[in-house]
Every structure is written in structure tokens, then in C-alpha cells.
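Colleague: Contents of run_36.csv (CSV, C-alpha atoms and all ligand atoms) are below:
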```csv
chain,number,residue,atom,x,y,z
R,1058,MET,CA,7.5,12.3,4.8
R,1059,THR,CA,10.6,13.6,6.6
R,1060,ASN,CA,13.0,10.9,7.9
R,1061,GLN,CA,13.6,11.8,11.6
R,1062,TYR,CA,15.5,8.7,12.5
R,1063,HIS,CA,19.2,8.0,13.1
R,1064,PHE,CA,20.5,4.4,12.7
R,1065,ASP,CA,24.1,5.2,11.7
R,1066,GLY,CA,26.1,2.0,11.5
R,1067,GLN,CA,23.4,-0.2,12.8
R,1068,THR,CA,22.5,-3.4,11.0
R,1069,ALA,CA,18.9,-4.1,10.0
R,1070,ILE,CA,17.1,-7.0,8.3
R,1071,VAL,CA,13.7,-6.5,6.8
R,1072,THR,CA,11.8,-9.7,5.6
R,1073,GLY,CA,9.4,-9.2,2.8
R,1074,GLY,CA,11.3,-6.0,2.0
R,1075,CYS,CA,10.9,-6.0,-1.8
R,1076,ASN,CA,7.4,-4.5,-1.8
R,1077,GLY,CA,4.9,-2.5,0.1
R,1078,ILE,CA,5.4,-1.8,3.8
R,1079,GLY,CA,8.7,-3.8,3.9
R,1080,ARG,CA,10.2,-1.8,1.0
R,1081,ALA,CA,9.2,1.5,2.6
R,1082,THR,CA,10.7,0.4,5.8
R,1083,ALA,CA,14.0,-0.8,4.2
R,1084,ILE,CA,14.4,2.5,2.4
R,1085,MET,CA,13.6,4.6,5.6
R,1086,LEU,CA,16.1,2.6,7.7
R,1087,ALA,CA,18.8,2.9,5.0
R,1088,GLU,CA,18.2,6.6,4.5
R,1089,ALA,CA,18.7,6.9,8.3
R,1090,GLY,CA,22.1,5.3,8.1
R,1091,ALA,CA,21.5,1.6,8.7
R,1092,HIS,CA,23.1,-1.2,6.8
R,1093,VAL,CA,20.0,-2.9,5.5
R,1094,PHE,CA,19.5,-6.4,4.3
R,1095,VAL,CA,16.2,-7.4,2.6
R,1096,GLY,CA,15.1,-11.0,2.7
R,1097,ASP,CA,12.4,-11.8,0.2
R,1098,MET,CA,11.2,-14.7,-1.9
R,1099,LYS,CA,10.8,-12.4,-4.9
R,1100,HIS,CA,13.1,-10.0,-6.7
R,1101,LEU,CA,11.6,-6.8,-8.2
R,1102,GLU,CA,13.7,-5.2,-10.9
R,1103,GLU,CA,12.1,-1.8,-10.1
R,1104,ASN,CA,14.0,-1.7,-6.8
R,1105,LYS,CA,17.4,-2.1,-8.4
R,1106,GLU,CA,18.4,1.6,-8.7
R,1107,THR,CA,17.1,2.6,-5.2
R,1108,PHE,CA,18.5,-0.4,-3.4
R,1109,SER,CA,21.9,0.0,-5.0
R,1110,ARG,CA,22.0,3.8,-4.3
R,1111,LEU,CA,21.1,3.1,-0.6
R,1112,GLY,CA,23.4,0.1,-0.3
R,1113,ILE,CA,20.4,-2.2,0.5
R,1114,VAL,CA,21.5,-5.8,0.1
R,1115,GLU,CA,18.8,-8.2,-1.3
R,1116,VAL,CA,19.0,-11.8,-0.2
R,1117,MET,CA,16.7,-14.5,-1.6
R,1118,CYS,CA,14.9,-15.9,1.5
R,1119,ASP,CA,11.7,-17.9,2.1
R,1120,VAL,CA,10.8,-17.1,5.7
R,1121,ARG,CA,9.1,-20.5,6.0
R,1122,GLN,CA,12.4,-22.3,5.7
R,1123,GLU,CA,14.5,-22.3,8.8
R,1124,SER,CA,17.8,-22.9,6.9
R,1125,GLN,CA,17.2,-19.8,4.8
R,1126,VAL,CA,16.2,-17.5,7.7
R,1127,GLN,CA,19.3,-18.7,9.6
R,1128,ALA,CA,21.5,-18.1,6.6
R,1129,LEU,CA,20.2,-14.6,6.1
R,1130,ILE,CA,20.9,-13.6,9.8
R,1131,GLU,CA,24.3,-15.3,9.7
R,1132,GLN,CA,25.2,-13.4,6.6
R,1133,VAL,CA,24.7,-10.1,8.4
R,1134,VAL,CA,26.5,-11.3,11.6
R,1135,ASP,CA,29.4,-12.6,9.5
R,1136,GLN,CA,29.7,-9.3,7.7
R,1137,TYR,CA,29.1,-6.8,10.6
R,1138,GLY,CA,29.4,-8.9,13.8
R,1139,ARG,CA,25.9,-8.1,15.0
R,1140,ILE,CA,22.3,-7.7,14.2
R,1141,ASN,CA,20.7,-4.6,15.7
R,1142,ILE,CA,17.3,-4.6,14.2
R,1143,LEU,CA,15.0,-7.3,12.7
R,1144,VAL,CA,11.7,-6.4,11.0
R,1145,ASN,CA,9.7,-9.6,10.6
R,1146,ASN,CA,7.4,-8.2,7.9
R,1147,ALA,CA,6.9,-10.9,5.2
R,1148,GLY,CA,3.3,-11.9,5.1
R,1149,ILE,CA,0.5,-13.2,2.9
R,1150,GLY,CA,-3.3,-12.8,3.0
R,1151,LEU,CA,-6.0,-15.5,2.8
R,1152,VAL,CA,-9.5,-14.3,2.1
R,1153,LYS,CA,-11.6,-17.5,2.5
R,1154,GLN,CA,-14.2,-19.0,4.9
R,1155,ILE,CA,-12.8,-21.8,7.0
R,1156,HIS,CA,-14.7,-24.6,5.3
R,1157,GLN,CA,-13.1,-23.6,2.0
R,1158,VAL,CA,-9.5,-23.4,3.3
R,1159,THR,CA,-7.3,-26.2,2.2
R,1160,GLU,CA,-4.6,-27.7,4.4
R,1161,ALA,CA,-2.0,-26.2,2.0
R,1162,GLU,CA,-3.5,-22.7,2.2
R,1163,TRP,CA,-3.6,-23.0,6.1
R,1164,ASP,CA,0.0,-24.0,6.1
R,1165,ALA,CA,1.1,-21.3,3.7
R,1166,CYS,CA,-0.6,-18.5,5.7
R,1167,ILE,CA,0.4,-19.7,9.2
R,1168,ASP,CA,3.9,-20.7,8.1
R,1169,THR,CA,4.6,-17.3,6.4
R,1170,ASN,CA,3.0,-15.0,8.9
R,1171,LEU,CA,3.6,-16.9,12.2
R,1172,LYS,CA,6.4,-19.5,11.7
R,1173,GLY,CA,8.4,-17.0,9.7
R,1174,THR,CA,8.2,-14.5,12.6
R,1175,PHE,CA,9.2,-17.3,15.1
R,1176,LEU,CA,12.2,-18.3,12.9
R,1177,GLY,CA,13.4,-14.7,12.6
R,1178,CYS,CA,13.0,-14.1,16.3
R,1179,LYS,CA,14.8,-17.4,17.2
R,1180,HIS,CA,17.9,-16.8,15.1
R,1181,ALA,CA,18.2,-13.0,15.7
R,1182,ILE,CA,17.7,-13.3,19.5
R,1183,LYS,CA,20.5,-15.9,19.6
R,1184,TYR,CA,22.9,-13.3,18.4
R,1185,MET,CA,21.3,-10.3,20.2
R,1186,LEU,CA,21.9,-12.2,23.5
R,1187,THR,CA,25.6,-12.1,22.8
R,1188,THR,CA,25.9,-8.5,21.7
R,1189,GLY,CA,24.0,-6.7,24.5
R,1190,GLY,CA,20.5,-6.4,23.0
R,1191,GLY,CA,18.6,-5.4,19.9
R,1192,SER,CA,15.2,-4.5,18.6
R,1193,ILE,CA,12.6,-6.6,16.8
R,1194,VAL,CA,9.5,-5.3,15.1
R,1195,ASN,CA,6.9,-7.6,13.7
R,1196,THR,CA,4.3,-6.6,11.2
R,1197,ALA,CA,1.0,-7.9,12.6
R,1198,SER,CA,-2.2,-6.3,11.5
R,1199,ASN,CA,-5.4,-4.7,12.5
R,1200,ALA,CA,-6.6,-8.3,12.1
R,1201,GLY,CA,-4.4,-9.3,15.0
R,1202,LEU,CA,-6.5,-7.1,17.4
R,1203,LEU,CA,-10.0,-8.0,16.3
R,1204,PRO,CA,-11.2,-11.0,14.4
R,1205,ARG,CA,-12.4,-10.3,10.9
R,1206,ALA,CA,-15.2,-12.3,9.2
R,1207,HIS,CA,-13.8,-12.3,5.7
R,1208,ASP,CA,-10.3,-13.7,6.4
R,1209,PRO,CA,-10.4,-15.8,9.6
R,1210,VAL,CA,-7.2,-17.7,9.1
R,1211,TYR,CA,-5.2,-14.5,8.4
R,1212,SER,CA,-6.8,-13.1,11.6
R,1213,ILE,CA,-5.7,-16.2,13.5
R,1214,SER,CA,-2.1,-15.9,12.2
R,1215,LYS,CA,-1.9,-12.2,13.2
R,1216,HIS,CA,-3.5,-12.7,16.6
R,1217,ALA,CA,-0.7,-15.2,17.2
R,1218,VAL,CA,1.9,-12.7,16.0
R,1219,VAL,CA,0.6,-10.2,18.6
R,1220,ALA,CA,0.8,-13.0,21.3
R,1221,LEU,CA,4.3,-13.9,20.2
R,1222,THR,CA,5.3,-10.3,20.5
R,1223,GLU,CA,4.0,-10.0,24.0
R,1224,SER,CA,5.4,-13.3,25.1
R,1225,LEU,CA,8.9,-12.6,23.8
R,1226,GLY,CA,8.8,-9.0,25.0
R,1227,LEU,CA,8.2,-10.4,28.5
R,1228,CYS,CA,11.0,-13.0,28.2
R,1229,HIS,CA,13.8,-10.8,26.8
R,1230,GLY,CA,13.4,-7.4,28.5
R,1231,LYS,CA,16.1,-8.5,30.9
R,1232,ASP,CA,18.4,-9.1,27.9
R,1233,ASN,CA,17.8,-5.5,26.6
R,1234,ILE,CA,16.0,-7.0,23.6
R,1235,ARG,CA,12.8,-5.2,22.7
R,1236,ILE,CA,10.1,-6.9,20.7
R,1237,ASN,CA,7.1,-4.9,19.4
R,1238,CYS,CA,4.6,-5.1,16.6
R,1239,VAL,CA,2.7,-2.8,14.4
R,1240,CYS,CA,-1.0,-3.4,13.5
R,1241,PRO,CA,-1.8,-1.6,10.3
R,1242,GLY,CA,-5.3,-1.2,8.8
R,1243,PRO,CA,-5.7,-1.2,5.0
R,1244,VAL,CA,-2.5,0.1,3.4
R,1245,SER,CA,-2.5,1.3,-0.2
R,1246,GLU,CA,0.3,0.7,-2.8
R,1247,THR,CA,1.1,-2.8,-1.4
R,1248,GLY,CA,1.1,-6.1,-3.2
R,1249,MET,CA,-1.5,-7.4,-0.7
R,1250,MET,CA,-3.9,-4.5,-1.3
R,1251,ASN,CA,-3.5,-4.7,-5.1
R,1252,ASP,CA,-4.4,-8.4,-5.0
R,1253,ASP,CA,-7.5,-7.7,-2.9
R,1254,LEU,CA,-8.6,-5.0,-5.3
R,1255,ASP,CA,-7.8,-7.1,-8.4
R,1256,ASN,CA,-10.1,-9.9,-6.9
R,1257,ALA,CA,-12.9,-7.5,-5.9
R,1258,ALA,CA,-16.2,-7.4,-7.9
R,1259,ASP,CA,-15.9,-3.6,-7.8
R,1260,PRO,CA,-12.5,-2.2,-6.7
R,1261,ASP,CA,-13.9,1.3,-6.1
R,1262,VAL,CA,-16.6,0.0,-3.8
R,1263,LEU,CA,-14.1,-2.0,-1.8
R,1264,THR,CA,-11.7,0.9,-1.6
R,1265,GLN,CA,-14.5,3.2,-0.3
R,1266,SER,CA,-15.7,0.6,2.2
R,1267,MET,CA,-12.2,0.1,3.6
R,1268,ILE,CA,-11.6,3.9,3.9
R,1269,GLY,CA,-15.1,4.3,5.5
R,1270,ALA,CA,-14.4,1.6,8.1
R,1271,SER,CA,-11.6,3.7,9.6
R,1272,PRO,CA,-12.6,7.1,11.1
R,1273,ILE,CA,-9.3,8.9,10.4
R,1274,ALA,CA,-8.9,7.3,6.9
R,1275,ALA,CA,-12.5,8.5,6.2
R,1276,ALA,CA,-11.7,12.0,7.5
R,1277,ASN,CA,-8.7,12.2,5.2
R,1278,LYS,CA,-10.4,10.4,2.3
R,1279,ARG,CA,-7.5,7.9,1.8
R,1280,MET,CA,-6.0,4.7,3.0
R,1281,ILE,CA,-2.9,4.4,5.2
R,1282,ARG,CA,0.4,4.8,3.2
R,1283,PRO,CA,3.3,2.3,3.5
R,1284,GLU,CA,5.6,5.1,4.7
R,1285,GLU,CA,3.2,5.8,7.6
R,1286,VAL,CA,3.7,2.2,8.8
R,1287,ALA,CA,7.4,2.3,8.0
R,1288,SER,CA,7.8,5.4,10.2
R,1289,ALA,CA,6.1,3.6,13.1
R,1290,ILE,CA,8.4,0.6,12.6
R,1291,CYS,CA,11.4,2.9,12.7
R,1292,TYR,CA,10.2,4.6,15.9
R,1293,LEU,CA,9.8,1.2,17.6
R,1294,ALA,CA,13.2,0.1,16.3
R,1295,SER,CA,14.9,3.3,17.5
R,1296,LYS,CA,16.3,4.3,20.8
R,1297,ASP,CA,13.4,6.8,21.2
R,1298,ALA,CA,11.4,3.6,22.1
R,1299,LEU,CA,14.0,2.3,24.5
R,1300,MET,CA,11.3,1.7,27.2
R,1301,VAL,CA,8.7,0.2,24.8
R,1302,SER,CA,8.5,-3.5,24.5
R,1303,GLY,CA,5.7,-6.0,23.9
R,1304,SER,CA,3.5,-3.3,22.5
R,1305,ALA,CA,1.0,-3.7,19.5
R,1306,LEU,CA,0.8,-0.3,17.9
R,1307,ARG,CA,-2.4,0.3,15.9
R,1308,ILE,CA,-1.9,2.2,12.7
R,1309,ASP,CA,-5.4,1.9,11.5
R,1310,GLY,CA,-7.0,5.3,11.8
R,1311,GLY,CA,-9.0,4.1,14.8
R,1312,LYS,CA,-10.6,1.2,13.0
R,1313,SER,CA,-10.0,-1.4,15.7
R,1314,LEU,CA,-11.1,0.8,18.6
R,1315,GLY,CA,-14.7,-0.4,18.7
R,1316,VAL,CA,-18.1,-0.2,17.0
R,1317,LEU,CA,-18.6,3.1,15.2
R,1318,PRO,CA,-21.8,5.1,15.8
R,1319,GLN,CA,-24.8,3.7,13.8
R,1320,GLY,CA,-25.3,5.2,10.4
R,1321,LYS,CA,-21.6,6.4,10.2
C,1401,LIG,P1,3.2,-6.9,-0.1
C,1401,LIG,O1,2.7,-8.1,-0.8
C,1401,LIG,O2,3.5,-5.7,-0.9
C,1401,LIG,O3,4.6,-7.3,0.6
C,1401,LIG,C1,4.8,-8.6,1.2
C,1401,LIG,C2,6.2,-9.0,0.8
C,1401,LIG,O4,6.5,-10.3,1.5
C,1401,LIG,C3,6.4,-9.3,-0.7
C,1401,LIG,O5,7.6,-8.7,-1.2
C,1401,LIG,C4,6.5,-10.8,-0.8
C,1401,LIG,O6,7.3,-11.3,-1.9
C,1401,LIG,C5,7.1,-11.2,0.6
C,1401,LIG,N1,6.9,-12.5,1.0
C,1401,LIG,C6,5.7,-13.2,0.9
C,1401,LIG,N2,5.9,-14.5,1.4
C,1401,LIG,C7,7.2,-14.6,1.7
C,1401,LIG,C8,8.0,-15.6,2.2
C,1401,LIG,N3,7.6,-16.8,2.5
C,1401,LIG,N4,9.3,-15.4,2.5
C,1401,LIG,C9,9.9,-14.1,2.2
C,1401,LIG,N5,9.1,-13.1,1.7
C,1401,LIG,C10,7.8,-13.3,1.5
C,1401,LIG,O7,2.2,-6.6,1.1
C,1401,LIG,P2,2.3,-5.7,2.4
C,1401,LIG,O8,1.0,-5.2,2.6
C,1401,LIG,O9,3.4,-4.7,2.3
C,1401,LIG,O10,2.6,-6.8,3.5
C,1401,LIG,C11,3.6,-6.6,4.5
C,1401,LIG,C12,3.1,-7.1,5.8
C,1401,LIG,O11,2.1,-6.2,6.2
C,1401,LIG,C13,2.4,-8.4,5.8
C,1401,LIG,O12,2.9,-9.1,7.0
C,1401,LIG,C14,1.0,-8.1,5.9
C,1401,LIG,O13,0.2,-9.2,6.5
C,1401,LIG,C15,1.0,-6.9,6.7
C,1401,LIG,N6,-0.2,-6.0,6.6
C,1401,LIG,C16,-0.6,-5.5,5.4
C,1401,LIG,C17,-1.7,-4.7,5.3
C,1401,LIG,C18,-2.2,-4.1,4.0
C,1401,LIG,O14,-3.3,-3.5,4.0
C,1401,LIG,N7,-1.4,-4.1,2.9
C,1401,LIG,C19,-2.4,-4.4,6.5
C,1401,LIG,C20,-2.0,-4.9,7.7
C,1401,LIG,C21,-0.9,-5.7,7.7
```
Take the structure in this file and express it as C-alpha cells.
Modeller:
Amino acid sequence: MTNQYHFDGQTAIVTGGCNGIGRATAIMLAEAGAHVFVGDMKHLEENKETFSRLGIVEVMCDVRQESQVQALIEQVVDQYGRINILVNNAGIGLVKQIHQVTEAEWDACIDTNLKGTFLGCKHAIKYMLTTGGGSIVNTASNAGLLPRAHDPVYSISKHAVVALTESLGLCHGKDNIRINCVCPGPVSETGMMNDDLDNAADPDVLTQSMIGASPIAAANKRMIRPEEVASAICYLASKDALMVSGSALRIDGGKSLGVLPQGK
């Protein structure tokens, strides 16, 4: 995929940037000239060469912990005096029916997906208010646009991320701070998808059913790729999207548009 973006000299933070969609986004932003900081709970040795070549700085950060999110953002501000772009991308899944969900699992899912996004917005906006604006992109999900029967708590967390995006977009337009989110459908080559496939009775059947549920994925016989979501995040972060705020951009091959024709 060609990198059409220009972020020369801008600072960007990507949470959950060590794997999947976040890693593809961090790389795309850095290749387009941004100073990129990745905040993640895990370190993946396989990123070492690429991150070091692109100057991507890895910071250990659990987005559920306010002190760690604050420290990540302050590290960037201390070094560069500003934070231009924040991608709140860290997230986890939870495939369980509600009566089987423990309090700890509820907390982990809601705290990672929703509280982590709140904390990132809170601390980035504090600085963006003093430097004339900025852009925040949250990774929501297809599950934030329509409830899903197999993972209701995950759906709840992502609906809330869409609501947070709209609310904060409304509040901070006057401050030249744009807040948008992406709503991907099933994305291949991600830790989340690999976990789902590892836990499936038949990974091939699950793969085909996910592809089949999205008309454009089905037409192309493949899932969405991390770089395709990264490109949408870069668009929303860029000046090309200067007049776009509070939007929830579906990147799901039409999956969430409605009920497909019967028999398809
Ligand atoms: P992934 O597992 O490859 O990446 C998630 C990253 O987040 C990992 O590097 C992980 O270490 C990190 N992370 C998890 N909890 C964290 C925490 N508390 N603090 C900091 N980092 C943490 O999966 P992915 O699919 O690339 O997920 C990225 C985002 O995309 C998530 O928000 C997910 O909900 C969303 N999403 C994924 C899909 C999909 O099909 N893979 C579809 C729609 C939305």
C-alpha cells in the first residue's frame, strides 16, 4: 500500500502499537515523517529492527492506569513540546455470554477499551488546548455500530467508544481538536484475530463465515488488512480531514450496513 500521507515533524502516540492495527498505524505514521511513540503493555522483539529504523519509541504503558497514560503523554510533551496526534488503539476482546462474564473480565474489557480511551483523551486534550489543537483517532469497531450476539460486553465497550468520540468531537471543535474513530470489521494478521482463530472449533469455518458476513470481503475473498485500517486512521489524523470530527468511519466491507439478502 502506498503511503500518501505527510506528517513531517508532528508527534504521534499510538497505544497498543506493538501488534496488529496499532503497529501498522505506527509504521505508516513514522514513514510519513511523524515522531512516533508506541505505548503498549507488551514488548515484541520482532518489532525491534523496524521500530529502530523508523525512530519509533516504545514505552511500556498499561492504558488502564492513569499514571502510566499521563507519563506517556508527558514524555512526548517534554521532548517535543506538543502532542499533535493520539491514536487510542489498545483493546482486548471478550467472547462470552453475559451470565458467564466475571466482574474481573468486565473490568478488564471496559477499562482497556473505554477507560483507556478516556484517559488518553483526557491527558492529550489538556496539552492540545495549549498548543492550538490536534487530532485524536480512536479504534472502535464494527461492534460499536451494531450489537453482536457473540461478544456483548466487547460491543458495549465499543458502542461507548463511538459515543465518547461524538461527545468529545462536539465539545472540542471550537478548540481545533478533532476526535474521530474507525470501526473495522474482522482484520487478519492481528493478535485479536489470531486468538479468535486459535479458540475456534474449526478456524477455516470461522474465517469463511467472517469473510462471508462482509459483502466486500466476500467479493475479494479475504479479510480486511491492518494497513487498510491504518490508512483510514492516517487520513483522519491528517489535515485532509480538517473538517471531519466526531465521525465513526466503518471499514468493514459493508458488514454493518444492514441485513444482507436472504440466502447470500
Ligand atoms: P492486537 O492484539 O494485535 O493488538 C492490540 C494491542 O493492544 C497489543 O499490542 C496489546 O499488547 C495491546 N494492549 C492490550 N491491552 C493493553 C493495555 N491495557 N495497555 C496497553 N496496551 C494494551 O489486536 P488488534 O486487532 O490490532 O487490536 C487493535 C484495536 O482494534 C483494538 O482496540 C480492537 O478492539 C480493535 N479492533 C480489532 C478488530 C480485529 O478484527 N482484529 C476489529 C475491530 C476492532
Colleague: Please identify every polymer residue within 7 Å of ligand LIG 1401 (chain C), using all atoms listed in the file, and present the set as a PyMOL selection string.
Modeller: chain R and resi 1072-1079+1096-1099+1118-1121+1146-1150+1169-1170+1196-1199+1240-1245+1247-1250
Colleague: Selection from above, C-alpha atoms, as a short mmCIF file (atom, residue, chain, number, x, y, z; two decimals), in the frame of the given file, can you write it?
Modeller:
```
data_model
loop_
_atom_site.label_atom_id
_atom_site.label_comp_id
_atom_site.auth_asym_id
_atom_site.auth_seq_id
_atom_site.Cartn_x
_atom_site.Cartn_y
_atom_site.Cartn_z
CA THR R 1072 11.80 -9.70 5.60
CA GLY R 1073 9.40 -9.20 2.80
CA GLY R 1074 11.30 -6.00 2.00
CA CYS R 1075 10.90 -6.00 -1.80
CA ASN R 1076 7.40 -4.50 -1.80
CA GLY R 1077 4.90 -2.50 0.10
CA ILE R 1078 5.40 -1.80 3.80
CA GLY R 1079 8.70 -3.80 3.90
CA GLY R 1096 15.10 -11.00 2.70
CA ASP R 1097 12.40 -11.80 0.20
CA MET R 1098 11.20 -14.70 -1.90
CA LYS R 1099 10.80 -12.40 -4.90
CA CYS R 1118 14.90 -15.90 1.50
CA ASP R 1119 11.70 -17.90 2.10
CA VAL R 1120 10.80 -17.10 5.70
CA ARG R 1121 9.10 -20.50 6.00
CA ASN R 1146 7.40 -8.20 7.90
CA ALA R 1147 6.90 -10.90 5.20
CA GLY R 1148 3.30 -11.90 5.10
CA ILE R 1149 0.50 -13.20 2.90
CA GLY R 1150 -3.30 -12.80 3.00
CA THR R 1169 4.60 -17.30 6.40
CA ASN R 1170 3.00 -15.00 8.90
CA THR R 1196 4.30 -6.60 11.20
CA ALA R 1197 1.00 -7.90 12.60
CA SER R 1198 -2.20 -6.30 11.50
CA ASN R 1199 -5.40 -4.70 12.50
CA CYS R 1240 -1.00 -3.40 13.50
CA PRO R 1241 -1.80 -1.60 10.30
CA GLY R 1242 -5.30 -1.20 8.80
CA PRO R 1243 -5.70 -1.20 5.00
CA VAL R 1244 -2.50 0.10 3.40
CA SER R 1245 -2.50 1.30 -0.20
CA THR R 1247 1.10 -2.80 -1.40
CA GLY R 1248 1.10 -6.10 -3.20
CA MET R 1249 -1.50 -7.40 -0.70
CA MET R 1250 -3.90 -4.50 -1.30
#
```
Colleague: Give me, please, the distance in Å between CA of Tyr1062 in chain R and CA of Glu1284 in chain R, quoted to one decimal.
Modeller: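 Rounded to one decimal, the two atoms are 13.1 Å apart.
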Colleague: Counting all atoms listed in the file, which residue out of R:Ala1305, R:Ala1206, R:Val1286, R:Ala1294 sits closest to Ala1069 in chain R?
Modeller: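 The shortest atom-to-atom distance to Ala1069 in chain R comes from R:Ala1294.
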Colleague: Point out the residue among R:Ile1308, R:Ile1236, R:Ala1220, R:Val1095 with the least atom-to-atom distance to Val1194 in chain R, counting only C-alpha atoms.
Modeller: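 Closest candidate: R:Ile1236.
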Colleague: For the atom pair CA of Gly1190 in chain R and CA of Val1133 in chain R, what is the interatomic distance in Å to one decimal place?
Modeller: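 Separation between CA of Gly1190 in chain R and CA of Val1133 in chain R: 15.6 Å.
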Colleague: Please identify all polymer residues within 12 Å of Arg1279 in chain R, counting all atoms listed in the file, omitting same-chain residues fewer than 6 positions from it, and present them as a list in words.
Modeller: Gly1242, Pro1243, Val1244, Ser1245, Glu1246, Thr1264, Gln1265, Ser1266, Met1267, Ile1268, Gly1269, Ala1270, Ser1271, Pro1272, Ile1273, Asp1309 and Gly1310 of chain R
Colleague: Those residues with C-alpha atoms, as an mmCIF file, keeping the file's coordinate frame please?
Modeller:
```
data_model
loop_
_atom_site.group_PDB
_atom_site.id
_atom_site.type_symbol
_atom_site.label_atom_id
_atom_site.label_comp_id
_atom_site.auth_asym_id
_atom_site.auth_seq_id
_atom_site.Cartn_x
_atom_site.Cartn_y
_atom_site.Cartn_z
ATOM 1 C CA GLY R 1242 -5.300 -1.200 8.800
ATOM 2 C CA PRO R 1243 -5.700 -1.200 5.000
ATOM 3 C CA VAL R 1244 -2.500 0.100 3.400
ATOM 4 C CA SER R 1245 -2.500 1.300 -0.200
ATOM 5 C CA GLU R 1246 0.300 0.700 -2.800
ATOM 6 C CA THR R 1264 -11.700 0.900 -1.600
ATOM 7 C CA GLN R 1265 -14.500 3.200 -0.300
ATOM 8 C CA SER R 1266 -15.700 0.600 2.200
ATOM 9 C CA MET R 1267 -12.200 0.100 3.600
ATOM 10 C CA ILE R 1268 -11.600 3.900 3.900
ATOM 11 C CA GLY R 1269 -15.100 4.300 5.500
ATOM 12 C CA ALA R 1270 -14.400 1.600 8.100
ATOM 13 C CA SER R 1271 -11.600 3.700 9.600
ATOM 14 C CA PRO R 1272 -12.600 7.100 11.100
ATOM 15 C CA ILE R 1273 -9.300 8.900 10.400
ATOM 16 C CA ASP R 1309 -5.400 1.900 11.500
ATOM 17 C CA GLY R 1310 -7.000 5.300 11.800
#
```
Colleague: Around (17.3, -17.7, 15.2) in the file's frame, which residues reach within 12 Å when counting all atoms listed in the file? Return as a ChimeraX atom specification?
Modeller: /R:1120,1122-1131,1134,1140,1143,1172-1186
Colleague: Please save C-alpha atoms of the selected residues as an mmCIF file, keeping the file's coordinate frame.
Modeller:
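Okay, out.cif is ready:
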```
data_model
loop_
_atom_site.group_PDB
_atom_site.id
_atom_site.type_symbol
_atom_site.label_atom_id
_atom_site.label_comp_id
_atom_site.auth_asym_id
_atom_site.auth_seq_id
_atom_site.Cartn_x
_atom_site.Cartn_y
_atom_site.Cartn_z
ATOM 1 C CA VAL R 1120 10.800 -17.100 5.700
ATOM 2 C CA GLN R 1122 12.400 -22.300 5.700
ATOM 3 C CA GLU R 1123 14.500 -22.300 8.800
ATOM 4 C CA SER R 1124 17.800 -22.900 6.900
ATOM 5 C CA GLN R 1125 17.200 -19.800 4.800
ATOM 6 C CA VAL R 1126 16.200 -17.500 7.700
ATOM 7 C CA GLN R 1127 19.300 -18.700 9.600
ATOM 8 C CA ALA R 1128 21.500 -18.100 6.600
ATOM 9 C CA LEU R 1129 20.200 -14.600 6.100
ATOM 10 C CA ILE R 1130 20.900 -13.600 9.800
ATOM 11 C CA GLU R 1131 24.300 -15.300 9.700
ATOM 12 C CA VAL R 1134 26.500 -11.300 11.600
ATOM 13 C CA ILE R 1140 22.300 -7.700 14.200
ATOM 14 C CA LEU R 1143 15.000 -7.300 12.700
ATOM 15 C CA LYS R 1172 6.400 -19.500 11.700
ATOM 16 C CA GLY R 1173 8.400 -17.000 9.700
ATOM 17 C CA THR R 1174 8.200 -14.500 12.600
ATOM 18 C CA PHE R 1175 9.200 -17.300 15.100
ATOM 19 C CA LEU R 1176 12.200 -18.300 12.900
ATOM 20 C CA GLY R 1177 13.400 -14.700 12.600
ATOM 21 C CA CYS R 1178 13.000 -14.100 16.300
ATOM 22 C CA LYS R 1179 14.800 -17.400 17.200
ATOM 23 C CA HIS R 1180 17.900 -16.800 15.100
ATOM 24 C CA ALA R 1181 18.200 -13.000 15.700
ATOM 25 C CA ILE R 1182 17.700 -13.300 19.500
ATOM 26 C CA LYS R 1183 20.500 -15.900 19.600
ATOM 27 C CA TYR R 1184 22.900 -13.300 18.400
ATOM 28 C CA MET R 1185 21.300 -10.300 20.200
ATOM 29 C CA LEU R 1186 21.900 -12.200 23.500
#
```
Colleague: Just to confirm, what's the straight-line distance from CA of Thr1159 in chain R to CA of Val1071 in chain R in Å (one decimal)?
Modeller: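 If I compute the distance from CA of Thr1159 in chain R to CA of Val1071 in chain R, I get 29.2 Å.
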Colleague: Which residue out of R:Ser1214, R:Asn1145, R:Ser1192, R:Gln1154 has the minimum interatomic distance to Ser1295 in chain R when only C-alpha atoms are used?
Modeller: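 Result for the nearest residue to Ser1295 in chain R: R:Ser1192.
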Colleague: Using only C-alpha atoms for the distances, tell me which of R:Val1114, R:Met1058, R:Ile1281, R:Ala1275 is nearest to Ala1083 in chain R.
Modeller: R:Val1114
Colleague: Would you mind telling me which residue in R:Leu1111, R:Val1218, R:Ala1200, R:Leu1225 lies nearest to Gly1303 in chain R when using all atoms listed in the file?
Modeller: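 Counting all atoms listed in the file, the residue closest to Gly1303 in chain R is R:Leu1225.
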Colleague: Go through R:Val1093, R:Leu1299, R:Leu1101, R:Leu1086 one by one, measure the shortest atom-to-atom distance of each to Ile1113 in chain R using only C-alpha atoms, and give the residue with the smallest value.
Modeller: R:Val1093
Colleague: Applying 12 Å and all atoms listed in the file, which residues near Asn1060 in chain R remain after dropping the ones on its own chain fewer than 3 positions away? List them as a VMD selection string.
Modeller: chain R and resid 1063 to 1064 1081 to 1082 1084 to 1090 1284 to 1285 1287 to 1289 1291 to 1292
